[in-house]
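Asker: This is the content of model-v1.cif (mmCIF, C-alpha atoms):
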```
data_data
#
loop_
_atom_site.group_PDB
_atom_site.id
_atom_site.type_symbol
_atom_site.label_atom_id
_atom_site.label_comp_id
_atom_site.auth_asym_id
_atom_site.auth_seq_id
_atom_site.Cartn_x
_atom_site.Cartn_y
_atom_site.Cartn_z
ATOM 1 C CA MET A 1 85.235 76.377 74.827
ATOM 2 C CA PHE A 2 84.953 76.167 78.620
ATOM 3 C CA PRO A 3 81.792 78.178 79.430
ATOM 4 C CA GLY A 4 81.562 78.039 83.228
ATOM 5 C CA PRO A 5 78.497 79.083 85.259
ATOM 6 C CA SER A 6 76.121 81.738 83.935
ATOM 7 C CA GLN A 7 74.905 83.188 87.264
ATOM 8 C CA GLY A 8 76.492 84.099 90.584
ATOM 9 C CA PHE A 9 80.014 83.579 89.244
ATOM 10 C CA ARG A 10 81.600 86.947 89.958
ATOM 11 C CA HIS A 11 83.519 86.730 93.236
ATOM 12 C CA ARG A 12 85.065 90.169 92.761
ATOM 13 C CA ALA A 13 83.385 93.460 91.782
ATOM 14 C CA ARG A 14 84.127 97.179 91.664
ATOM 15 C CA LEU A 15 81.008 99.308 91.953
ATOM 16 C CA ALA A 16 80.881 103.031 91.273
ATOM 17 C CA ILE A 17 79.169 105.192 93.912
ATOM 18 C CA ARG A 18 77.329 108.236 92.633
ATOM 19 C CA GLY A 19 74.042 110.054 93.322
ATOM 20 C CA ARG A 20 73.073 112.266 96.245
ATOM 21 C CA ILE A 21 73.374 112.233 100.031
ATOM 22 C CA GLY A 22 70.571 110.026 101.262
ATOM 23 C CA SER A 23 70.031 108.487 97.812
ATOM 24 C CA PRO A 24 73.291 106.924 96.552
ATOM 25 C CA LYS A 25 73.552 104.633 93.527
ATOM 26 C CA LEU A 26 75.947 101.662 93.449
ATOM 27 C CA GLY A 27 76.583 100.019 90.115
ATOM 28 C CA ILE A 28 78.345 100.308 86.787
ATOM 29 C CA PHE A 29 78.695 103.121 84.295
ATOM 30 C CA GLU A 30 76.440 103.398 81.296
ATOM 31 C CA GLU A 31 78.560 102.756 78.213
ATOM 32 C CA GLY A 32 80.531 105.847 77.217
ATOM 33 C CA SER A 33 79.469 107.877 80.242
ATOM 34 C CA HIS A 34 79.877 108.402 83.988
ATOM 35 C CA ARG A 35 76.160 107.844 84.601
ATOM 36 C CA VAL A 36 75.814 105.005 87.090
ATOM 37 C CA VAL A 37 73.280 102.233 86.553
ATOM 38 C CA HIS A 38 72.156 101.024 89.978
ATOM 39 C CA ILE A 39 72.292 97.191 90.085
ATOM 40 C CA PRO A 40 70.950 95.997 93.454
ATOM 41 C CA HIS A 41 70.163 92.443 92.274
ATOM 42 C CA CYS A 42 72.843 91.657 89.681
ATOM 43 C CA LEU A 43 72.485 88.000 88.652
ATOM 44 C CA VAL A 44 76.135 87.525 87.667
ATOM 45 C CA HIS A 45 77.425 88.658 91.073
ATOM 46 C CA HIS A 46 77.942 86.188 93.876
ATOM 47 C CA PRO A 47 74.919 86.796 96.149
ATOM 48 C CA LEU A 48 77.191 88.109 98.907
ATOM 49 C CA ILE A 49 78.353 90.968 96.658
ATOM 50 C CA ASN A 50 74.746 92.118 96.292
ATOM 51 C CA GLN A 51 74.265 91.824 100.056
ATOM 52 C CA VAL A 52 77.391 93.909 100.717
ATOM 53 C CA ALA A 53 76.296 96.541 98.191
ATOM 54 C CA SER A 54 72.902 96.803 99.876
ATOM 55 C CA ALA A 55 74.478 97.099 103.324
ATOM 56 C CA ALA A 56 76.980 99.689 102.075
ATOM 57 C CA ARG A 57 74.205 101.743 100.496
ATOM 58 C CA GLN A 58 72.311 101.778 103.793
ATOM 59 C CA ALA A 59 75.492 102.675 105.691
ATOM 60 C CA LEU A 60 76.140 105.558 103.286
ATOM 61 C CA VAL A 61 72.624 106.847 103.983
ATOM 62 C CA THR A 62 72.917 106.370 107.752
ATOM 63 C CA ALA A 63 76.288 108.141 107.971
ATOM 64 C CA ARG A 64 75.243 110.781 105.401
ATOM 65 C CA VAL A 65 78.325 110.184 103.252
ATOM 66 C CA PRO A 66 78.360 112.379 100.127
ATOM 67 C CA PRO A 67 78.772 110.326 96.921
ATOM 68 C CA TYR A 68 81.444 111.418 94.474
ATOM 69 C CA SER A 69 80.652 113.850 91.647
ATOM 70 C CA ASP A 70 82.862 113.471 88.545
ATOM 71 C CA GLN A 71 82.038 116.914 87.188
ATOM 72 C CA ALA A 72 82.714 118.803 90.432
ATOM 73 C CA HIS A 73 85.425 116.389 91.657
ATOM 74 C CA ALA A 74 83.691 116.606 95.035
ATOM 75 C CA GLY A 75 82.102 114.245 97.521
ATOM 76 C CA VAL A 76 83.619 111.409 99.564
ATOM 77 C CA ALA A 77 82.585 107.906 98.397
ATOM 78 C CA ARG A 78 83.869 107.036 94.895
ATOM 79 C CA TYR A 79 83.877 103.241 94.554
ATOM 80 C CA LEU A 80 83.281 100.055 96.498
ATOM 81 C CA GLN A 81 85.451 96.992 95.837
ATOM 82 C CA VAL A 82 84.075 93.687 97.121
ATOM 83 C CA VAL A 83 85.992 90.368 97.062
ATOM 84 C CA VAL A 84 84.362 87.157 98.275
ATOM 85 C CA GLU A 85 86.532 84.590 100.067
ATOM 86 C CA ARG A 86 85.063 81.207 99.146
ATOM 87 C CA SER A 87 86.116 79.216 102.205
ATOM 88 C CA SER A 88 84.590 81.634 104.740
ATOM 89 C CA GLN A 89 81.834 83.068 102.529
ATOM 90 C CA SER A 90 82.829 86.497 103.771
ATOM 91 C CA ALA A 91 83.732 89.668 101.883
ATOM 92 C CA GLN A 92 86.811 91.874 101.803
ATOM 93 C CA VAL A 93 85.424 95.413 101.341
ATOM 94 C CA VAL A 94 87.321 98.499 100.188
ATOM 95 C CA LEU A 95 85.752 101.961 100.171
ATOM 96 C CA VAL A 96 87.571 104.219 97.709
ATOM 97 C CA THR A 97 87.357 107.832 98.866
ATOM 98 C CA ASN A 98 87.983 111.263 97.427
ATOM 99 C CA CYS A 99 89.733 112.266 100.650
ATOM 100 C CA ASP A 100 92.292 111.024 103.138
ATOM 101 C CA ASP A 101 89.914 111.408 106.044
ATOM 102 C CA SER A 102 86.422 112.654 106.850
ATOM 103 C CA ASP A 103 84.150 112.834 109.890
ATOM 104 C CA VAL A 104 81.569 110.704 108.066
ATOM 105 C CA LEU A 105 83.867 107.709 107.544
ATOM 106 C CA PRO A 106 83.939 106.241 111.111
ATOM 107 C CA PRO A 107 80.106 106.165 111.308
ATOM 108 C CA PHE A 108 79.998 104.525 107.867
ATOM 109 C CA PHE A 109 82.485 101.814 108.845
ATOM 110 C CA THR A 110 80.673 101.178 112.148
ATOM 111 C CA ALA A 111 77.304 100.879 110.419
ATOM 112 C CA LEU A 112 78.689 98.532 107.753
ATOM 113 C CA GLU A 113 80.431 96.270 110.294
ATOM 114 C CA ARG A 114 77.253 96.070 112.352
ATOM 115 C CA GLU A 115 75.083 95.240 109.336
ATOM 116 C CA LEU A 116 77.356 92.597 107.806
ATOM 117 C CA GLY A 117 78.570 90.879 110.981
ATOM 118 C CA PRO A 118 80.310 87.564 110.151
ATOM 119 C CA ARG A 119 79.754 88.146 106.439
ATOM 120 C CA LEU A 120 82.487 90.812 106.608
ATOM 121 C CA HIS A 121 86.002 89.438 106.060
ATOM 122 C CA SER A 122 87.845 92.759 106.313
ATOM 123 C CA LEU A 123 87.313 96.460 105.791
ATOM 124 C CA TRP A 124 89.595 98.991 104.127
ATOM 125 C CA GLN A 125 89.763 102.582 102.931
ATOM 126 C CA SER A 126 91.705 103.515 99.790
ATOM 127 C CA PRO A 127 92.085 107.277 99.188
ATOM 128 C CA GLN A 128 92.010 108.225 95.486
ATOM 129 C CA LEU A 129 92.268 112.006 95.263
ATOM 130 C CA GLU A 130 93.158 112.388 91.600
ATOM 131 C CA ARG A 131 90.713 113.406 88.887
ATOM 132 C CA THR A 132 91.185 110.154 86.986
ATOM 133 C CA ASN A 133 89.410 107.005 85.833
ATOM 134 C CA THR A 134 91.785 104.883 87.920
ATOM 135 C CA ILE A 135 89.595 103.203 90.521
ATOM 136 C CA LEU A 136 91.822 102.217 93.446
ATOM 137 C CA GLY A 137 94.260 104.449 95.237
ATOM 138 C CA SER A 138 97.853 103.409 95.845
ATOM 139 C CA THR A 139 97.442 102.952 99.599
ATOM 140 C CA PHE A 140 95.017 100.981 101.753
ATOM 141 C CA ARG A 141 94.076 101.872 105.316
ATOM 142 C CA HIS A 142 93.187 98.796 107.355
ATOM 143 C CA VAL A 143 89.987 99.261 109.339
ATOM 144 C CA ALA A 144 89.131 95.705 110.430
ATOM 145 C CA GLY A 145 89.713 92.015 109.727
ATOM 146 C CA PRO A 146 92.501 89.866 108.206
ATOM 147 C CA ALA A 147 95.138 91.381 105.917
ATOM 148 C CA SER A 148 94.410 89.180 102.874
ATOM 149 C CA VAL A 149 91.751 87.019 101.304
ATOM 150 C CA ARG A 150 92.996 83.429 101.081
ATOM 151 C CA GLU A 151 92.013 81.123 98.210
ATOM 152 C CA THR A 152 93.045 77.577 97.321
ATOM 153 C CA LEU A 153 94.041 77.367 93.656
ATOM 154 C CA GLY A 154 95.861 74.442 92.088
ATOM 155 C CA GLY A 155 96.292 72.885 95.524
ATOM 156 C CA ALA A 156 98.136 75.906 96.986
ATOM 157 C CA SER A 157 97.119 78.807 99.205
ATOM 158 C CA VAL A 158 97.014 82.097 97.292
ATOM 159 C CA PHE A 159 96.730 85.405 99.151
ATOM 160 C CA TYR A 160 95.087 88.582 97.903
ATOM 161 C CA PRO A 161 95.693 91.843 99.756
ATOM 162 C CA PRO A 162 93.077 94.433 98.707
ATOM 163 C CA GLY A 163 95.305 95.988 96.033
ATOM 164 C CA ALA A 164 96.380 92.710 94.381
ATOM 165 C CA PHE A 165 94.986 91.618 91.013
ATOM 166 C CA GLY A 166 92.633 88.649 91.129
ATOM 167 C CA GLN A 167 90.288 86.879 88.731
ATOM 168 C CA ASN A 168 86.587 87.344 89.399
ATOM 169 C CA ASN A 169 85.274 84.051 87.919
ATOM 170 C CA LEU A 170 86.958 81.666 90.345
ATOM 171 C CA GLU A 171 85.039 78.492 89.514
ATOM 172 C CA LEU A 172 86.142 78.628 85.875
ATOM 173 C CA PHE A 173 89.584 79.950 86.802
ATOM 174 C CA ASP A 174 90.066 76.753 88.844
ATOM 175 C CA GLU A 175 89.635 74.833 85.569
ATOM 176 C CA LEU A 176 92.056 77.133 83.742
ATOM 177 C CA VAL A 177 94.728 76.633 86.406
ATOM 178 C CA ALA A 178 94.321 72.840 86.202
ATOM 179 C CA HIS A 179 94.570 73.073 82.399
ATOM 180 C CA VAL A 180 97.849 75.027 82.596
ATOM 181 C CA HIS A 181 99.233 72.623 85.193
ATOM 182 C CA GLY A 182 98.519 69.750 82.813
ATOM 183 C CA ALA A 183 100.964 71.284 80.328
ATOM 184 C CA VAL A 184 103.854 71.287 82.848
ATOM 185 C CA PRO A 185 105.820 68.007 83.217
ATOM 186 C CA ASP A 186 107.027 66.850 86.622
ATOM 187 C CA GLY A 187 110.506 68.005 87.576
ATOM 188 C CA ALA A 188 110.477 71.003 85.230
ATOM 189 C CA ARG A 189 112.229 74.286 85.843
ATOM 190 C CA VAL A 190 109.391 76.815 85.582
ATOM 191 C CA ALA A 191 109.453 80.569 85.018
ATOM 192 C CA GLU A 192 106.188 82.472 85.421
ATOM 193 C CA LEU A 193 106.134 86.056 84.165
ATOM 194 C CA TYR A 194 103.368 88.543 85.027
ATOM 195 C CA ALA A 195 102.694 86.115 87.907
ATOM 196 C CA GLY A 196 100.421 88.315 90.026
ATOM 197 C CA ALA A 197 99.907 86.797 93.473
ATOM 198 C CA GLY A 198 101.019 83.375 92.174
ATOM 199 C CA ALA A 199 97.587 81.931 91.376
ATOM 200 C CA ILE A 200 98.982 79.666 88.649
ATOM 201 C CA GLY A 201 102.551 78.970 89.715
ATOM 202 C CA LEU A 202 102.264 78.326 93.458
ATOM 203 C CA GLY A 203 100.448 75.066 92.830
ATOM 204 C CA LEU A 204 103.303 73.868 90.606
ATOM 205 C CA VAL A 205 106.040 74.175 93.231
ATOM 206 C CA GLN A 206 105.393 70.768 94.796
ATOM 207 C CA ARG A 207 106.213 68.842 91.607
ATOM 208 C CA SER A 208 108.703 71.183 89.952
ATOM 209 C CA GLN A 209 112.462 71.382 90.286
ATOM 210 C CA SER A 210 112.159 75.149 90.680
ATOM 211 C CA VAL A 211 109.683 77.984 90.076
ATOM 212 C CA VAL A 212 110.759 81.582 89.478
ATOM 213 C CA PHE A 213 108.016 84.210 89.765
ATOM 214 C CA ASN A 214 108.169 87.580 88.052
ATOM 215 C CA GLU A 215 105.738 90.343 89.043
ATOM 216 C CA LEU A 216 105.778 94.130 88.954
ATOM 217 C CA THR A 217 103.061 95.481 91.242
ATOM 218 C CA GLU A 218 103.602 96.059 94.948
ATOM 219 C CA HIS A 219 100.365 94.544 96.251
ATOM 220 C CA SER A 220 100.521 91.405 94.105
ATOM 221 C CA LEU A 221 104.140 90.907 95.199
ATOM 222 C CA ALA A 222 102.998 91.152 98.824
ATOM 223 C CA GLY A 223 100.394 88.446 98.189
ATOM 224 C CA LEU A 224 102.958 86.298 96.385
ATOM 225 C CA GLU A 225 105.361 86.507 99.315
ATOM 226 C CA LEU A 226 102.570 85.355 101.649
ATOM 227 C CA GLY A 227 101.850 82.407 99.343
ATOM 228 C CA ILE A 228 105.510 81.362 99.318
ATOM 229 C CA ARG A 229 105.695 81.738 103.100
ATOM 230 C CA ALA A 230 102.694 79.397 103.453
ATOM 231 C CA LEU A 231 104.547 76.597 101.632
ATOM 232 C CA PRO A 232 106.501 73.989 103.609
ATOM 233 C CA SER A 233 110.080 75.205 103.966
ATOM 234 C CA GLU A 234 111.495 72.544 101.651
ATOM 235 C CA LEU A 235 109.098 73.678 98.888
ATOM 236 C CA ALA A 236 109.605 77.386 99.520
ATOM 237 C CA ALA A 237 113.322 76.766 98.952
ATOM 238 C CA ARG A 238 112.512 75.836 95.343
ATOM 239 C CA THR A 239 111.083 79.299 94.622
ATOM 240 C CA ARG A 240 112.544 82.659 93.739
ATOM 241 C CA VAL A 241 110.907 86.036 93.100
ATOM 242 C CA ALA A 242 112.225 88.313 90.346
ATOM 243 C CA PRO A 243 110.424 91.634 90.883
ATOM 244 C CA GLY A 244 110.051 94.294 88.221
ATOM 245 C CA PRO A 245 108.801 94.540 84.640
ATOM 246 C CA ALA A 246 108.695 91.347 82.589
ATOM 247 C CA ALA A 247 110.738 93.133 79.935
ATOM 248 C CA ALA A 248 113.599 93.488 82.419
ATOM 249 C CA ASN A 249 113.354 89.810 83.397
ATOM 250 C CA ALA A 250 113.169 88.221 79.950
ATOM 251 C CA ASP A 251 116.429 86.378 80.649
ATOM 252 C CA LEU A 252 114.448 84.054 82.948
ATOM 253 C CA VAL A 253 113.463 82.228 79.748
ATOM 254 C CA GLY A 254 117.008 80.973 79.344
ATOM 255 C CA ASP A 255 117.005 78.878 82.527
ATOM 256 C CA ALA A 256 113.472 77.460 82.227
ATOM 257 C CA ASP A 257 112.057 74.287 80.704
ATOM 258 C CA VAL A 258 108.533 75.735 80.870
ATOM 259 C CA VAL A 259 107.660 79.430 80.616
ATOM 260 C CA ILE A 260 104.206 80.669 81.677
ATOM 261 C CA ALA A 261 103.051 84.203 80.924
ATOM 262 C CA ASP A 262 99.757 85.896 81.801
ATOM 263 C CA PRO A 263 100.243 89.465 80.566
ATOM 264 C CA PRO A 264 97.745 92.354 80.482
ATOM 265 C CA ARG A 265 95.600 92.838 77.387
ATOM 266 C CA LYS A 266 98.339 94.578 75.428
ATOM 267 C CA GLY A 267 100.212 91.274 75.377
ATOM 268 C CA LEU A 268 103.815 90.205 75.837
ATOM 269 C CA ASP A 269 106.622 92.725 76.086
ATOM 270 C CA ARG A 270 108.841 92.794 73.008
ATOM 271 C CA GLU A 271 111.885 91.722 75.046
ATOM 272 C CA LEU A 272 110.052 88.569 76.159
ATOM 273 C CA ILE A 273 109.065 87.670 72.594
ATOM 274 C CA GLU A 274 112.679 87.995 71.477
ATOM 275 C CA ALA A 275 113.861 85.813 74.388
ATOM 276 C CA LEU A 276 111.274 83.114 73.577
ATOM 277 C CA VAL A 277 112.325 83.031 69.928
ATOM 278 C CA ARG A 278 116.006 82.979 70.809
ATOM 279 C CA ARG A 279 115.842 80.343 73.572
ATOM 280 C CA LYS A 280 112.780 78.282 72.504
ATOM 281 C CA PRO A 281 111.831 76.654 75.843
ATOM 282 C CA HIS A 282 110.483 73.093 75.872
ATOM 283 C CA ARG A 283 107.021 74.570 76.407
ATOM 284 C CA PHE A 284 105.556 78.066 76.503
ATOM 285 C CA VAL A 285 102.086 78.595 77.999
ATOM 286 C CA TYR A 286 100.525 81.940 77.047
ATOM 287 C CA VAL A 287 97.440 82.894 79.095
ATOM 288 C CA SER A 288 95.772 85.854 77.412
ATOM 289 C CA CYS A 289 92.833 88.133 78.215
ATOM 290 C CA GLY A 290 93.493 90.183 75.056
ATOM 291 C CA LEU A 291 92.535 88.151 71.986
ATOM 292 C CA PRO A 292 93.806 90.649 69.338
ATOM 293 C CA SER A 293 97.273 90.824 70.917
ATOM 294 C CA LEU A 294 97.377 87.031 71.345
ATOM 295 C CA LEU A 295 96.496 86.381 67.697
ATOM 296 C CA SER A 296 99.111 88.840 66.462
ATOM 297 C CA GLN A 297 101.857 87.603 68.770
ATOM 298 C CA ALA A 298 101.025 83.913 68.272
ATOM 299 C CA ARG A 299 101.411 84.403 64.512
ATOM 300 C CA GLU A 300 104.824 85.979 65.061
ATOM 301 C CA LEU A 301 105.966 83.230 67.439
ATOM 302 C CA VAL A 302 104.911 80.517 64.970
ATOM 303 C CA ASP A 303 106.501 82.320 62.039
ATOM 304 C CA ARG A 304 109.740 82.514 64.013
ATOM 305 C CA GLY A 305 109.979 78.852 64.956
ATOM 306 C CA LEU A 306 107.661 77.981 67.850
ATOM 307 C CA LYS A 307 104.970 75.367 67.286
ATOM 308 C CA LEU A 308 101.401 76.056 68.449
ATOM 309 C CA GLU A 309 100.251 72.767 70.004
ATOM 310 C CA ARG A 310 96.769 73.720 71.203
ATOM 311 C CA LEU A 311 94.438 76.634 71.867
ATOM 312 C CA ASP A 312 91.653 76.598 74.469
ATOM 313 C CA VAL A 313 89.069 79.260 75.280
ATOM 314 C CA PHE A 314 87.698 79.962 78.771
ATOM 315 C CA ASP A 315 84.649 82.233 78.952
ATOM 316 C CA LEU A 316 85.690 83.978 82.159
ATOM 317 C CA PHE A 317 83.816 87.140 81.207
ATOM 318 C CA ARG A 318 80.317 85.856 80.496
ATOM 319 C CA PHE A 319 78.005 88.141 78.477
ATOM 320 C CA THR A 320 80.910 90.257 77.186
ATOM 321 C CA GLU A 321 83.029 90.156 74.038
ATOM 322 C CA HIS A 322 86.126 89.168 76.049
ATOM 323 C CA VAL A 323 87.475 85.659 76.659
ATOM 324 C CA GLU A 324 90.548 84.157 78.311
ATOM 325 C CA VAL A 325 92.621 82.020 75.963
ATOM 326 C CA VAL A 326 95.347 79.510 76.835
ATOM 327 C CA ALA A 327 97.814 78.908 73.986
ATOM 328 C CA ILE A 328 100.410 76.145 74.432
ATOM 329 C CA PHE A 329 103.556 76.267 72.288
ATOM 330 C CA GLY A 330 106.229 73.614 71.921
#
```
Give the structure from the file, written as structure tokens.

Answerer:
Amino acid sequence: MFPGPSQGFRHRARLAIRGRIGSPKLGIFEEGSHRVVHIPHCLVHHPLINQVASAARQALVTARVPPYSDQAHAGVARYLQVVVERSSQSAQVVLVTNCDDSDVLPPFFTALERELGPRLHSLWQSPQLERTNTILGSTFRHVAGPASVRETLGGASVFYPPGAFGQNNLELFDELVAHVHGAVPDGARVAELYAGAGAIGLGLVQRSQSVVFNELTEHSLAGLELGIRALPSELAARTRVAPGPAAANADLVGDADVVIADPPRKGLDRELIEALVRRKPHRFVYVSCGLPSLLSQARELVDRGLKLERLDVFDLFRFTEHVEVVAIFG
């Protein structure tokens, strides 16, 4: 078990905004409800996230921005996403709104920029007009600052536009990336499915014969392209991007010595399981945030001819029932 830090480890947070004009709450939902628990001094958040939440709350009050009401599907401010960039110790901030535009938004943005100063990396608005539990909208309006947060992971630059998926426990995720890299021999042909912005695979390009990245989502693909562009040209030439669902790109297994997959909690697509069983790569590294699906699918892979070499647990989600598991098959 790799436990990681117990306080200040969350570099990424999504906070619900509810309450009344002049008295907003920013926090998380009570279990099984849409009642927000205000958390102004959360110990697991990076301190900058708490500072941004406090500044945003004051800016909401100053600009008299109406918080969202789930029951009435009314109000303006629904959620606040905050991502801390470690190198600059500044925060990418996204305000999710129940509207495309509003007279109260420019005063809010001005007040927040003034309050945060150099602690603000960039500022965005994401309209989410649907009556849904989906947090972010599909589009992001750029208000200020750079286009992407930039992190160094596995020795490579990884870029996160505001809509791209990213891990929140970066200190422990650094260890996970190094652990996965240790399972990849030099000169290997690598295929990474469900690659996101390339947090695992970009650092492998320098010592691999080739790396093929598969990813579905638009914003993660945009971050991945930035990461490839940041590589020296001779290394970028070793990469290829195969966009779309992993199920439609399962044939990547056939040309790879090492296959890496980091799927959502539901686990691997059936087409990928069949390709792994049929082709049996030299090594398969399964990074899982869904333990039930991993246990079920690992049993099937072993029963059908793959050998489970080791299993390691990373407690990326401290104080919850969830863990990240890295299973290495030969």

Asker: Any idea what the distance is between atom CA of A:Ser69 and atom CA of A:Asp101?

Answerer: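 The value is 17.3 Å.
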
Asker: Determine the residue membership of the PyMOL selection byres ((chain A and resi 91-98) around 8) for the file above and supply it as a ChimeraX atom specification.

Answerer: /A:48-49,52,68,74-85,89-90,99-100,119-130,135-137,149,162

Asker: Could you tell me which of A:Phe159, A:Asp255, A:Glu171, A:His181 comes closest to A:Ala222 if we count all atoms listed in the file?

Answerer: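 Closest to A:Ala222 of all the choices is A:Phe159.
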
Asker: What do you get, as a VMD selection string, if you spell out every residue that the PyMOL selection byres ((chain A and resi 256-261) around 9) selects here?

Answerer: chain A and resid 180 183 to 185 188 to 195 200 to 201 210 to 212 252 to 255 262 to 263 268 276 281 to 288

Asker: My list of candidates is A:Ser157, A:Gln7, A:Gln58, A:Asn168. Which is closest to A:Ile21 when distances are computed with only C-alpha atoms?

Answerer: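 Ranked by minimum distance to A:Ile21, first place goes to A:Gln58.
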
Asker: Kindly give the distance, in Å, that separates atom CA of A:Glu324 and atom CA of A:Gln167, rounded to a single decimal.

Answerer: 10.8 Å

Asker: Which residues, written as a ChimeraX atom specification, have at least one atom at most 9 Å from A:Arg265, with only C-alpha atoms counted and residues fewer than 3 positions away on the same chain left out?

Answerer: /A:268,288-294

Asker: Any idea what the distance is between atom CA of A:Ala55 and atom CA of A:Ser87?

Answerer: 21.4 Å

Asker: Any chance you could work out the residue set of the PyMOL selection byres ((chain A and resi 244) around 8) here, as a list of chain:residue names?

Answerer: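 Matching residues under the PyMOL selection byres ((chain A and resi 244) around 8) are A:Asn214, A:Glu215, A:Leu216, A:Thr217, A:Ala242, A:Pro243, A:Pro245, A:Ala246, A:Ala248, A:Asn249.
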
Asker: Considering all atoms listed in the file, return as a PyMOL selection string whatever protein or nucleic-acid residues lie within 10 Å of A:Glu175, sequence-local ones (same chain, fewer than 6 positions apart) excluded.

Answerer: chain A and resi 2+4+153-154+181+314

Asker: Between A:Leu224, A:Gly117, A:Leu176, A:Gly187, single out the one closest to A:Ala327, counting all atoms listed in the file.

Answerer: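 The shortest atom-to-atom distance to A:Ala327 comes from A:Leu176.
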
Asker: Which polymer residues, whether protein, DNA or RNA, lie within 12 Å of the coordinate (73.8, 91.8, 95.8) when you count only C-alpha atoms? List them as a VMD selection string, using the chain letters and numbers from the file.

Answerer: chain A and resid 8 10 to 13 15 26 to 27 38 to 57 82 84 91

Asker: Between A:Val158, A:Ala178, A:Val36, A:Leu60, which is the closest to A:Gly196 once you count only C-alpha atoms?

Answerer: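 For A:Gly196, the nearest of the given residues is A:Val158.
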
Asker: Quick one: of A:Pro3, A:Pro106, A:Gly163, A:Pro66, who's nearest to A:Ser23, counting only C-alpha atoms?

Answerer: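 Closest candidate: A:Pro66.
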
Asker: Save C-alpha atoms of stretch 112-159 of chain A from the block above as a PDB file, in the first residue's frame.

Answerer:
```
ATOM      1  CA  LEU A 112     -11.952  37.517  -8.212  1.00  0.00           C
ATOM      2  CA  GLU A 113      -8.970  38.590 -10.348  1.00  0.00           C
ATOM      3  CA  ARG A 114      -8.335  41.538  -8.050  1.00  0.00           C
ATOM      4  CA  GLU A 115      -8.521  39.410  -4.898  1.00  0.00           C
ATOM      5  CA  LEU A 116      -6.328  36.543  -6.110  1.00  0.00           C
ATOM      6  CA  GLY A 117      -3.707  38.514  -8.047  1.00  0.00           C
ATOM      7  CA  PRO A 118      -0.695  36.298  -8.897  1.00  0.00           C
ATOM      8  CA  ARG A 119      -2.354  33.319  -7.223  1.00  0.00           C
ATOM      9  CA  LEU A 120      -4.722  33.155 -10.219  1.00  0.00           C
ATOM     10  CA  HIS A 121      -3.398  31.040 -13.102  1.00  0.00           C
ATOM     11  CA  SER A 122      -6.410  31.440 -15.395  1.00  0.00           C
ATOM     12  CA  LEU A 123     -10.124  32.103 -15.274  1.00  0.00           C
ATOM     13  CA  TRP A 124     -12.916  30.424 -17.216  1.00  0.00           C
ATOM     14  CA  GLN A 125     -16.688  30.201 -17.505  1.00  0.00           C
ATOM     15  CA  SER A 126     -18.396  26.917 -18.400  1.00  0.00           C
ATOM     16  CA  PRO A 127     -22.148  27.193 -19.110  1.00  0.00           C
ATOM     17  CA  GLN A 128     -24.131  24.141 -17.942  1.00  0.00           C
ATOM     18  CA  LEU A 129     -27.797  24.806 -18.669  1.00  0.00           C
ATOM     19  CA  GLU A 130     -29.180  21.295 -18.328  1.00  0.00           C
ATOM     20  CA  ARG A 131     -31.057  20.008 -15.296  1.00  0.00           C
ATOM     21  CA  THR A 132     -28.477  17.307 -14.617  1.00  0.00           C
ATOM     22  CA  ASN A 133     -25.886  16.119 -12.111  1.00  0.00           C
ATOM     23  CA  THR A 134     -23.140  16.591 -14.705  1.00  0.00           C
ATOM     24  CA  ILE A 135     -20.885  19.292 -13.288  1.00  0.00           C
ATOM     25  CA  LEU A 136     -18.988  20.857 -16.193  1.00  0.00           C
ATOM     26  CA  GLY A 137     -20.485  22.144 -19.393  1.00  0.00           C
ATOM     27  CA  SER A 138     -19.141  21.122 -22.786  1.00  0.00           C
ATOM     28  CA  THR A 139     -17.636  24.521 -23.592  1.00  0.00           C
ATOM     29  CA  PHE A 140     -15.245  26.833 -21.763  1.00  0.00           C
ATOM     30  CA  ARG A 141     -15.110  30.595 -22.212  1.00  0.00           C
ATOM     31  CA  HIS A 142     -11.622  31.967 -21.611  1.00  0.00           C
ATOM     32  CA  VAL A 143     -11.645  35.025 -19.365  1.00  0.00           C
ATOM     33  CA  ALA A 144      -7.971  35.412 -18.406  1.00  0.00           C
ATOM     34  CA  GLY A 145      -4.620  33.634 -18.165  1.00  0.00           C
ATOM     35  CA  PRO A 146      -2.872  30.714 -19.932  1.00  0.00           C
ATOM     36  CA  ALA A 147      -4.856  28.089 -21.845  1.00  0.00           C
ATOM     37  CA  SER A 148      -3.669  25.067 -19.822  1.00  0.00           C
ATOM     38  CA  VAL A 149      -2.187  24.076 -16.502  1.00  0.00           C
ATOM     39  CA  ARG A 150       1.240  22.514 -17.053  1.00  0.00           C
ATOM     40  CA  GLU A 151       2.565  19.711 -14.836  1.00  0.00           C
ATOM     41  CA  THR A 152       5.747  17.641 -14.973  1.00  0.00           C
ATOM     42  CA  LEU A 153       4.934  13.939 -14.643  1.00  0.00           C
ATOM     43  CA  GLY A 154       7.363  11.132 -15.377  1.00  0.00           C
ATOM     44  CA  GLY A 155       9.868  13.662 -16.697  1.00  0.00           C
ATOM     45  CA  ALA A 156       7.493  15.070 -19.351  1.00  0.00           C
ATOM     46  CA  SER A 157       5.313  18.164 -19.577  1.00  0.00           C
ATOM     47  CA  VAL A 158       1.609  17.320 -19.327  1.00  0.00           C
ATOM     48  CA  PHE A 159      -1.028  19.929 -20.176  1.00  0.00           C
TER      49      PHE A 159
END
```
